[in-house]
>>> print(open('input.txt').read())   # compact mmCIF, C-alpha atoms
# COMPACT_ATOMS: atom_id res chain seq x y z
CA MET A 1 -26.72 -18.91 21.32
CA THR A 2 -23.00 -18.09 21.21
CA LYS A 3 -21.18 -18.68 24.47
CA VAL A 4 -19.64 -15.58 26.10
CA LYS A 5 -16.24 -15.78 27.82
CA ILE A 6 -15.00 -13.14 30.28
CA VAL A 7 -11.51 -11.63 30.30
CA THR A 8 -10.06 -9.01 32.67
CA ASP A 9 -6.65 -7.89 33.95
CA SER A 10 -4.65 -8.51 37.13
CA THR A 11 -5.76 -5.28 38.83
CA VAL A 12 -9.16 -6.91 39.49
CA ASP A 13 -8.48 -8.01 43.12
CA LEU A 14 -10.33 -11.33 42.94
CA ASN A 15 -9.39 -14.48 44.83
CA GLU A 16 -8.53 -17.66 42.97
CA ASP A 17 -11.69 -19.49 44.05
CA ILE A 18 -13.94 -16.90 42.40
CA ILE A 19 -11.75 -16.79 39.28
CA LYS A 20 -12.06 -20.58 38.89
CA GLN A 21 -15.73 -20.75 39.85
CA TYR A 22 -16.75 -18.28 37.16
CA ASP A 23 -14.10 -19.26 34.57
CA ILE A 24 -12.60 -15.76 34.35
CA THR A 25 -9.41 -15.28 32.32
CA ILE A 26 -6.86 -12.84 33.79
CA VAL A 27 -4.30 -11.10 31.57
CA PRO A 28 -1.54 -9.82 33.90
CA LEU A 29 0.27 -6.50 33.94
CA THR A 30 4.05 -6.38 34.50
CA LEU A 31 5.69 -4.70 37.49
CA SER A 32 9.21 -3.27 37.52
CA ILE A 33 11.09 -2.70 40.79
CA ASP A 34 14.65 -1.30 40.65
CA GLY A 35 15.09 -2.70 37.15
CA GLU A 36 13.73 -6.16 37.94
CA SER A 37 10.48 -7.21 36.22
CA PHE A 38 7.71 -9.42 37.59
CA ILE A 39 4.45 -10.67 36.13
CA ASP A 40 1.72 -9.34 38.44
CA ARG A 41 0.22 -12.08 40.67
CA VAL A 42 2.13 -14.78 38.74
CA GLU A 43 5.72 -14.06 39.76
CA ILE A 44 4.92 -11.74 42.67
CA SER A 45 2.02 -11.52 45.12
CA PRO A 46 0.64 -8.25 46.56
CA LYS A 47 2.30 -9.03 49.93
CA GLU A 48 5.69 -9.72 48.30
CA PHE A 49 5.34 -6.53 46.28
CA MET A 50 4.82 -4.46 49.44
CA LYS A 51 8.07 -5.83 50.93
CA LYS A 52 10.03 -5.08 47.75
CA MET A 53 8.50 -1.61 47.40
CA SER A 54 9.55 -0.73 50.98
CA ALA A 55 13.16 -1.57 50.13
CA ALA A 56 13.14 -0.06 46.62
CA LYS A 57 15.26 2.97 45.76
CA GLU A 58 12.75 4.23 43.20
CA LEU A 59 8.97 4.08 42.83
CA PRO A 60 8.00 0.81 41.10
CA LYS A 61 6.47 1.04 37.64
CA SER A 62 3.75 -0.96 35.94
CA SER A 63 3.34 -1.87 32.27
CA GLN A 64 0.12 -2.90 30.56
CA PRO A 65 -0.08 -6.21 28.71
CA SER A 66 0.86 -5.93 25.04
CA ALA A 67 -1.73 -6.13 22.27
CA GLY A 68 0.02 -9.39 21.29
CA SER A 69 -0.63 -10.88 24.74
CA PHE A 70 -4.31 -10.03 24.48
CA LYS A 71 -4.51 -11.36 20.90
CA GLU A 72 -3.13 -14.74 22.03
CA VAL A 73 -5.80 -14.97 24.73
CA TYR A 74 -8.59 -13.88 22.36
CA ASP A 75 -7.47 -16.31 19.64
CA GLU A 76 -7.48 -19.22 22.11
CA LEU A 77 -10.80 -18.39 23.80
CA GLY A 78 -12.59 -17.69 20.53
CA LYS A 79 -11.45 -20.70 18.51
CA ASP A 80 -14.60 -22.64 19.50
CA GLY A 81 -16.81 -19.81 18.22
CA SER A 82 -17.32 -18.16 21.61
CA SER A 83 -17.55 -14.38 21.80
CA ILE A 84 -15.40 -12.56 24.36
CA LEU A 85 -16.20 -9.73 26.76
CA SER A 86 -12.98 -8.09 27.99
CA ILE A 87 -13.49 -5.73 30.97
CA HIS A 88 -10.54 -3.69 32.22
CA MET A 89 -9.22 -1.13 34.67
CA THR A 90 -9.88 2.55 33.97
CA GLY A 91 -8.11 3.86 30.89
CA ASN A 92 -7.16 6.99 32.85
CA MET A 93 -4.69 4.99 34.96
CA SER A 94 -3.25 2.58 32.40
CA GLY A 95 -3.07 1.79 28.69
CA THR A 96 -4.41 -1.73 29.37
CA VAL A 97 -7.84 -1.10 27.86
CA ARG A 98 -6.22 0.41 24.74
CA SER A 99 -4.01 -2.68 24.32
CA ALA A 100 -7.15 -4.82 24.56
CA GLN A 101 -8.90 -2.67 21.96
CA SER A 102 -5.93 -2.97 19.60
CA ALA A 103 -5.93 -6.75 20.01
CA ALA A 104 -9.69 -6.88 19.37
CA GLY A 105 -8.99 -5.41 15.92
CA LEU A 106 -6.29 -8.02 15.20
CA THR A 107 -7.99 -11.26 16.25
CA ASP A 108 -10.52 -13.27 14.25
CA SER A 109 -12.50 -13.83 17.46
CA GLU A 110 -15.51 -11.66 18.27
CA VAL A 111 -14.33 -9.37 21.11
CA THR A 112 -16.08 -6.54 22.95
CA VAL A 113 -13.82 -4.39 25.16
CA VAL A 114 -15.22 -2.40 28.12
CA ASP A 115 -13.47 0.32 30.13
CA SER A 116 -14.82 -0.35 33.65
CA ARG A 117 -13.81 3.21 34.75
CA PHE A 118 -12.68 1.53 37.96
CA ILE A 119 -10.00 -0.74 39.41
CA SER A 120 -9.68 -3.40 42.13
CA LYS A 121 -12.91 -4.64 43.76
CA ALA A 122 -15.00 -2.06 41.88
CA LEU A 123 -13.71 -3.61 38.64
CA SER A 124 -14.53 -7.05 40.05
CA PHE A 125 -18.19 -6.08 40.61
CA GLN A 126 -18.59 -5.75 36.83
CA VAL A 127 -16.45 -8.78 35.98
CA VAL A 128 -18.18 -11.20 38.37
CA GLU A 129 -21.67 -10.04 37.34
CA ALA A 130 -20.74 -10.56 33.68
CA ALA A 131 -19.23 -13.99 34.40
CA LYS A 132 -22.33 -15.13 36.33
CA MET A 133 -24.57 -14.10 33.45
CA ALA A 134 -22.27 -15.78 30.91
CA GLN A 135 -22.55 -19.04 32.86
CA GLU A 136 -26.33 -18.68 32.76
CA GLY A 137 -26.11 -18.51 28.96
CA ARG A 138 -27.11 -14.85 28.63
CA GLY A 139 -26.26 -13.01 25.42
CA ILE A 140 -23.56 -10.36 25.04
CA GLN A 141 -25.98 -7.41 24.73
CA GLU A 142 -27.88 -8.38 27.88
CA ILE A 143 -24.61 -8.74 29.78
CA LEU A 144 -23.33 -5.36 28.52
CA THR A 145 -26.53 -3.62 29.65
CA ARG A 146 -26.18 -5.15 33.10
CA VAL A 147 -22.46 -4.29 33.34
CA GLU A 148 -23.31 -0.66 32.57
CA ALA A 149 -25.86 -0.63 35.41
CA VAL A 150 -23.29 -2.09 37.83
CA LYS A 151 -20.79 0.59 36.73
CA GLU A 152 -23.34 3.34 37.37
CA GLY A 153 -24.10 1.98 40.85
CA SER A 154 -20.48 1.62 41.97
CA HIS A 155 -18.26 3.92 44.04
CA LEU A 156 -14.54 3.80 44.87
CA PHE A 157 -12.55 5.75 47.45
CA VAL A 158 -8.82 5.62 48.16
CA VAL A 159 -7.27 6.79 51.45
CA VAL A 160 -3.54 7.49 51.61
CA ASP A 161 -1.73 7.11 54.95
CA THR A 162 1.63 8.59 53.88
CA LEU A 163 2.30 11.20 51.19
CA GLU A 164 5.69 9.76 50.18
CA ASN A 165 4.57 7.82 47.09
CA LEU A 166 2.32 10.65 45.87
CA VAL A 167 5.42 12.89 45.86
CA LYS A 168 7.59 10.27 44.12
CA GLY A 169 4.89 9.77 41.51
CA GLY A 170 4.63 13.50 40.86
CA ARG A 171 1.03 13.79 42.07
CA ILE A 172 1.83 16.40 44.74
CA GLY A 173 4.82 18.68 45.38
CA LYS A 174 7.37 18.19 48.17
CA GLY A 175 6.37 21.42 49.92
CA ARG A 176 2.72 20.41 50.16
CA ALA A 177 3.76 16.95 51.31
CA MET A 178 5.94 18.36 54.08
CA ILE A 179 3.08 20.49 55.39
CA GLY A 180 0.68 17.56 55.00
CA SER A 181 3.00 15.24 56.92
CA LEU A 182 3.42 17.76 59.74
CA LEU A 183 -0.34 18.05 60.02
CA ASN A 184 -0.69 14.25 59.65
CA ILE A 185 -3.09 14.77 56.75
CA LYS A 186 -4.53 11.67 55.07
CA PRO A 187 -5.93 12.53 51.62
CA ILE A 188 -9.18 10.86 50.52
CA ALA A 189 -9.83 10.56 46.79
CA SER A 190 -12.56 9.06 44.66
CA LEU A 191 -12.34 7.46 41.22
CA ALA A 192 -15.21 9.54 39.85
CA ASN A 193 -15.47 9.12 36.06
CA GLY A 194 -12.41 6.89 36.10
CA GLU A 195 -10.04 9.61 37.36
CA TYR A 196 -8.21 10.03 40.67
CA THR A 197 -10.08 12.96 42.22
CA PRO A 198 -9.24 14.36 45.71
CA VAL A 199 -12.47 14.79 47.70
CA SER A 200 -11.47 15.35 51.34
CA LYS A 201 -8.69 15.27 53.94
CA ALA A 202 -8.62 13.71 57.40
CA ARG A 203 -6.17 13.97 60.30
CA SER A 204 -6.82 10.59 61.88
CA HIS A 205 -8.11 7.14 61.05
CA THR A 206 -11.20 7.93 63.10
CA GLN A 207 -11.95 10.88 60.81
CA VAL A 208 -11.29 8.73 57.74
CA VAL A 209 -13.80 6.11 58.89
CA LYS A 210 -16.38 8.77 59.77
CA TYR A 211 -16.11 10.41 56.33
CA LEU A 212 -16.33 7.12 54.41
CA VAL A 213 -19.23 5.78 56.48
CA ASN A 214 -21.16 9.04 55.96
CA GLN A 215 -20.47 8.93 52.22
CA PHE A 216 -21.51 5.28 52.02
CA THR A 217 -24.71 5.87 54.00
CA SER A 218 -25.66 8.77 51.73
CA ASP A 219 -24.91 6.88 48.50
CA VAL A 220 -26.82 3.70 49.42
CA LYS A 221 -29.87 5.39 50.98
CA GLY A 222 -33.04 3.91 49.52
CA LYS A 223 -31.05 1.34 47.53
CA THR A 224 -30.18 -2.33 47.88
CA ILE A 225 -26.51 -2.93 48.71
CA GLN A 226 -25.10 -5.47 46.25
CA ALA A 227 -21.44 -5.64 47.29
CA VAL A 228 -18.90 -3.98 49.58
CA GLY A 229 -15.15 -4.56 49.33
CA ILE A 230 -12.17 -3.10 51.17
CA VAL A 231 -8.60 -3.58 50.02
CA HIS A 232 -5.42 -2.44 51.72
CA ALA A 233 -1.67 -1.97 51.32
CA ASP A 234 -0.48 -2.95 54.81
CA GLY A 235 -3.42 -1.00 56.19
CA LEU A 236 -5.35 -3.85 57.80
CA ASN A 237 -6.23 -2.02 61.03
CA LEU A 238 -7.92 0.83 59.21
CA ALA A 239 -9.66 -1.63 56.86
CA GLU A 240 -11.03 -3.62 59.82
CA SER A 241 -12.21 -0.46 61.62
CA LEU A 242 -14.08 0.63 58.50
CA LYS A 243 -15.60 -2.83 57.98
CA GLU A 244 -16.88 -2.89 61.56
CA LYS A 245 -18.58 0.52 61.19
CA ILE A 246 -20.09 -0.31 57.79
CA ILE A 247 -21.67 -3.50 59.16
CA GLU A 248 -22.86 -1.63 62.25
CA LYS A 249 -24.46 1.16 60.19
CA SER A 250 -25.93 -0.87 57.33
CA GLY A 251 -26.39 -4.40 58.63
CA PHE A 252 -24.74 -5.61 55.39
CA GLN A 253 -22.56 -8.52 56.54
CA HIS A 254 -20.69 -9.54 53.37
CA VAL A 255 -17.89 -6.97 53.55
CA THR A 256 -14.66 -8.43 52.17
CA ILE A 257 -11.09 -7.37 53.03
CA GLU A 258 -8.18 -8.28 50.74
CA ASP A 259 -4.62 -7.17 49.87
CA THR A 260 -4.79 -4.63 47.08
CA THR A 261 -3.31 -4.76 43.61
CA PRO A 262 0.27 -3.42 43.37
CA ILE A 263 -1.03 -0.93 40.80
CA ILE A 264 -2.88 0.90 43.60
CA SER A 265 -0.20 0.48 46.28
CA THR A 266 2.50 1.92 43.97
CA HIS A 267 0.57 5.20 43.80
CA THR A 268 -0.61 5.27 47.41
CA GLY A 269 2.22 3.74 49.44
CA LYS A 270 2.05 1.77 52.67
CA GLY A 271 -1.00 2.00 54.93
CA ALA A 272 -3.50 2.92 52.21
CA ILE A 273 -6.95 1.43 51.78
CA GLY A 274 -9.45 1.28 48.94
CA PHE A 275 -13.17 1.26 49.80
CA MET A 276 -15.64 0.16 47.12
CA TYR A 277 -19.33 -0.56 47.04
CA HIS A 278 -22.15 -1.24 44.61
CA ALA A 279 -25.80 -0.41 45.33
CA GLU A 280 -28.88 -0.14 43.13
>>> encode(input="input.txt", output="structure tokens")
Amino acid sequence: MTKVKIVTDSTVDLNEDIIKQYDITIVPLTLSIDGESFIDRVEISPKEFMKKMSAAKELPKSSQPSAGSFKEVYDELGKDGSSILSIHMTGNMSGTVRSAQSAAGLTDSEVTVVDSRFISKALSFQVVEAAKMAQEGRGIQEILTRVEAVKEGSHLFVVVDTLENLVKGGRIGKGRAMIGSLLNIKPIASLANGEYTPVSKARSHTQVVKYLVNQFTSDVKGKTIQAVGIVHADGLNLAESLKEKIIEKSGFQHVTIEDTTPIISTHTGKGAIGFMYHAE
């Protein structure tokens, strides 16, 4: 049976140990801050990015990897006859998946490209499951079926602590932001169907935690929790409060907290968290 190799992009929010353990190849995006470019997670870490973003005059920008970058990776990984499964962040937030699809048509290697419809830890749920199955010698069709099931059972919420970056990015107007800031409103959005979708508003971290715990409890009722991940952009206190309540409510102990990808923190600004879980 043909070996399957797994590729993803740098928005995946996975630690190096997991990447090495499951032999996952990461193709990085590029970040631009005040005219200076950095290769995501190669030339700049999420923590370093947060410092630079705080001092930046303009909102940082991100660029997807080129089709040429993907083709190089696919050519190298497929030269031993392996097939490649390339799973990427939602196409509604970046052209990364389209670059991968273009490269798949240019390489001689056998490549299947999947739009995860997610980002961050929710993307990692699909990537790690695929990589585990690939190591077990499973075929590409079996892996794809399983990845689809993981996608269907996953949820992602983003909580914004300040409205500044949403204004800079053109997602909300200045007038609404001013009112929101006066009322100390913290928008909560989901990534339903791969799109940033506002779902609620809270006026305190306590209300944020309550909303997310209630949503989580409802979504996982009668199911087995497979994974829970929280990421943050200098929002560790809120992340820890949420983790504590999730463990208390569900008894699920393996809740991870990590620094989020700069792709999320650019849109959300300082103090934001992402809350993701997978249950079936």
>>> closest_atom_pairs(input="input.txt", of="range 82-175 of chain A", to="range 223-234 of chain A", cutoff="9 Å", atoms="all atoms listed in the file", output="tab-separated table")
residue	atom	partner	partner_atom	distance
A:Ser120	CA	A:Val231	CA	8.0
A:Lys121	CA	A:Gly229	CA	6.0
A:Ala122	CA	A:Gly229	CA	7.9
A:Phe125	CA	A:Ala227	CA	7.4
>>> closest_residue(input="input.txt", among="A:Arg117, A:Lys79, A:Lys20, A:Lys186", to="Val208 in chain A", atoms="all atoms listed in the file")
A:Lys186
>>> residues_around(input="input.txt", residues="Phe157 in chain A", least_positions_apart="3", cutoff="9 Å", atoms="all atoms listed in the file", output="PyMOL selection string")
chain A and resi 188-192+212+273-276
>>> residues_around(input="input.txt", residues="Glu244 in chain A", least_positions_apart="3", cutoff="12 Å", atoms="all atoms listed in the file", output="list in words")
Val209, Lys210, Val213, Ile230, Asn237, Leu238, Ala239, Glu240, Ser241, Ile247, Glu248, Lys249, Ser250, Gly251, Phe252, Gln253, His254, Val255, Thr256 and Ile257 of chain A
>>> atom_distance(input="input.txt", atom1="CA of Gly269 in chain A", atom2="CA of Phe70 in chain A")
29.2 Å
>>> residues_near_point(input="input.txt", point="(-15.0, -13.5, 28.9)", cutoff="10 Å", atoms="all atoms listed in the file", output="number ranges by chain")
A: 3-8, 22-26, 74, 77-78, 82-87, 111-113, 127, 130-131, 134, 140
>>> closest_residue(input="input.txt", among="A:Ser200, A:Thr11, A:Thr96, A:Thr261", to="Gln215 in chain A", atoms="all atoms listed in the file")
A:Ser200
>>> atom_distance(input="input.txt", atom1="CA of Val97 in chain A", atom2="CA of Val114 in chain A")
7.5 Å
>>> atom_distance(input="input.txt", atom1="CA of Val150 in chain A", atom2="CA of Glu280 in chain A")
7.9 Å
>>> closest_residue(input="input.txt", among="A:Gly91, A:Pro262, A:His205, A:Tyr211", to="Leu236 in chain A", atoms="all atoms listed in the file")
A:His205
>>> residues_near_point(input="input.txt", point="(7.8, -9.6, 43.3)", cutoff="12 Å", atoms="all atoms listed in the file", output="tab-separated table (two decimals) with C-alpha atoms, in the coordinates of the input")
chain	number	residue	atom	x	y	z
A	30	THR	CA	4.05	-6.38	34.50
A	31	LEU	CA	5.69	-4.70	37.49
A	32	SER	CA	9.21	-3.27	37.52
A	33	ILE	CA	11.09	-2.70	40.79
A	34	ASP	CA	14.65	-1.30	40.65
A	35	GLY	CA	15.09	-2.70	37.15
A	36	GLU	CA	13.73	-6.16	37.94
A	37	SER	CA	10.48	-7.21	36.22
A	38	PHE	CA	7.71	-9.42	37.59
A	39	ILE	CA	4.45	-10.67	36.13
A	40	ASP	CA	1.72	-9.34	38.44
A	41	ARG	CA	0.22	-12.08	40.67
A	42	VAL	CA	2.13	-14.78	38.74
A	43	GLU	CA	5.72	-14.06	39.76
A	44	ILE	CA	4.92	-11.74	42.67
A	45	SER	CA	2.02	-11.52	45.12
A	46	PRO	CA	0.64	-8.25	46.56
A	47	LYS	CA	2.30	-9.03	49.93
A	48	GLU	CA	5.69	-9.72	48.30
A	49	PHE	CA	5.34	-6.53	46.28
A	50	MET	CA	4.82	-4.46	49.44
A	51	LYS	CA	8.07	-5.83	50.93
A	52	LYS	CA	10.03	-5.08	47.75
A	53	MET	CA	8.50	-1.61	47.40
A	54	SER	CA	9.55	-0.73	50.98
A	55	ALA	CA	13.16	-1.57	50.13
A	56	ALA	CA	13.14	-0.06	46.62
A	60	PRO	CA	8.00	0.81	41.10
A	262	PRO	CA	0.27	-3.42	43.37
>>> axis_aligned_box(input="input.txt", around="range 69-84 of chain A", padding_each_side="8 Å", output="AutoDock Vina command-line options")
--center_x -9.1 --center_y -16.3 --center_z 21.5 --size_x 32.9 --size_y 28.6 --size_z 22.5
>>> closest_residue(input="input.txt", among="A:Ser116, A:Ser204, A:Ser154, A:Gln126", to="Phe216 in chain A", atoms="all atoms listed in the file")
A:Ser154
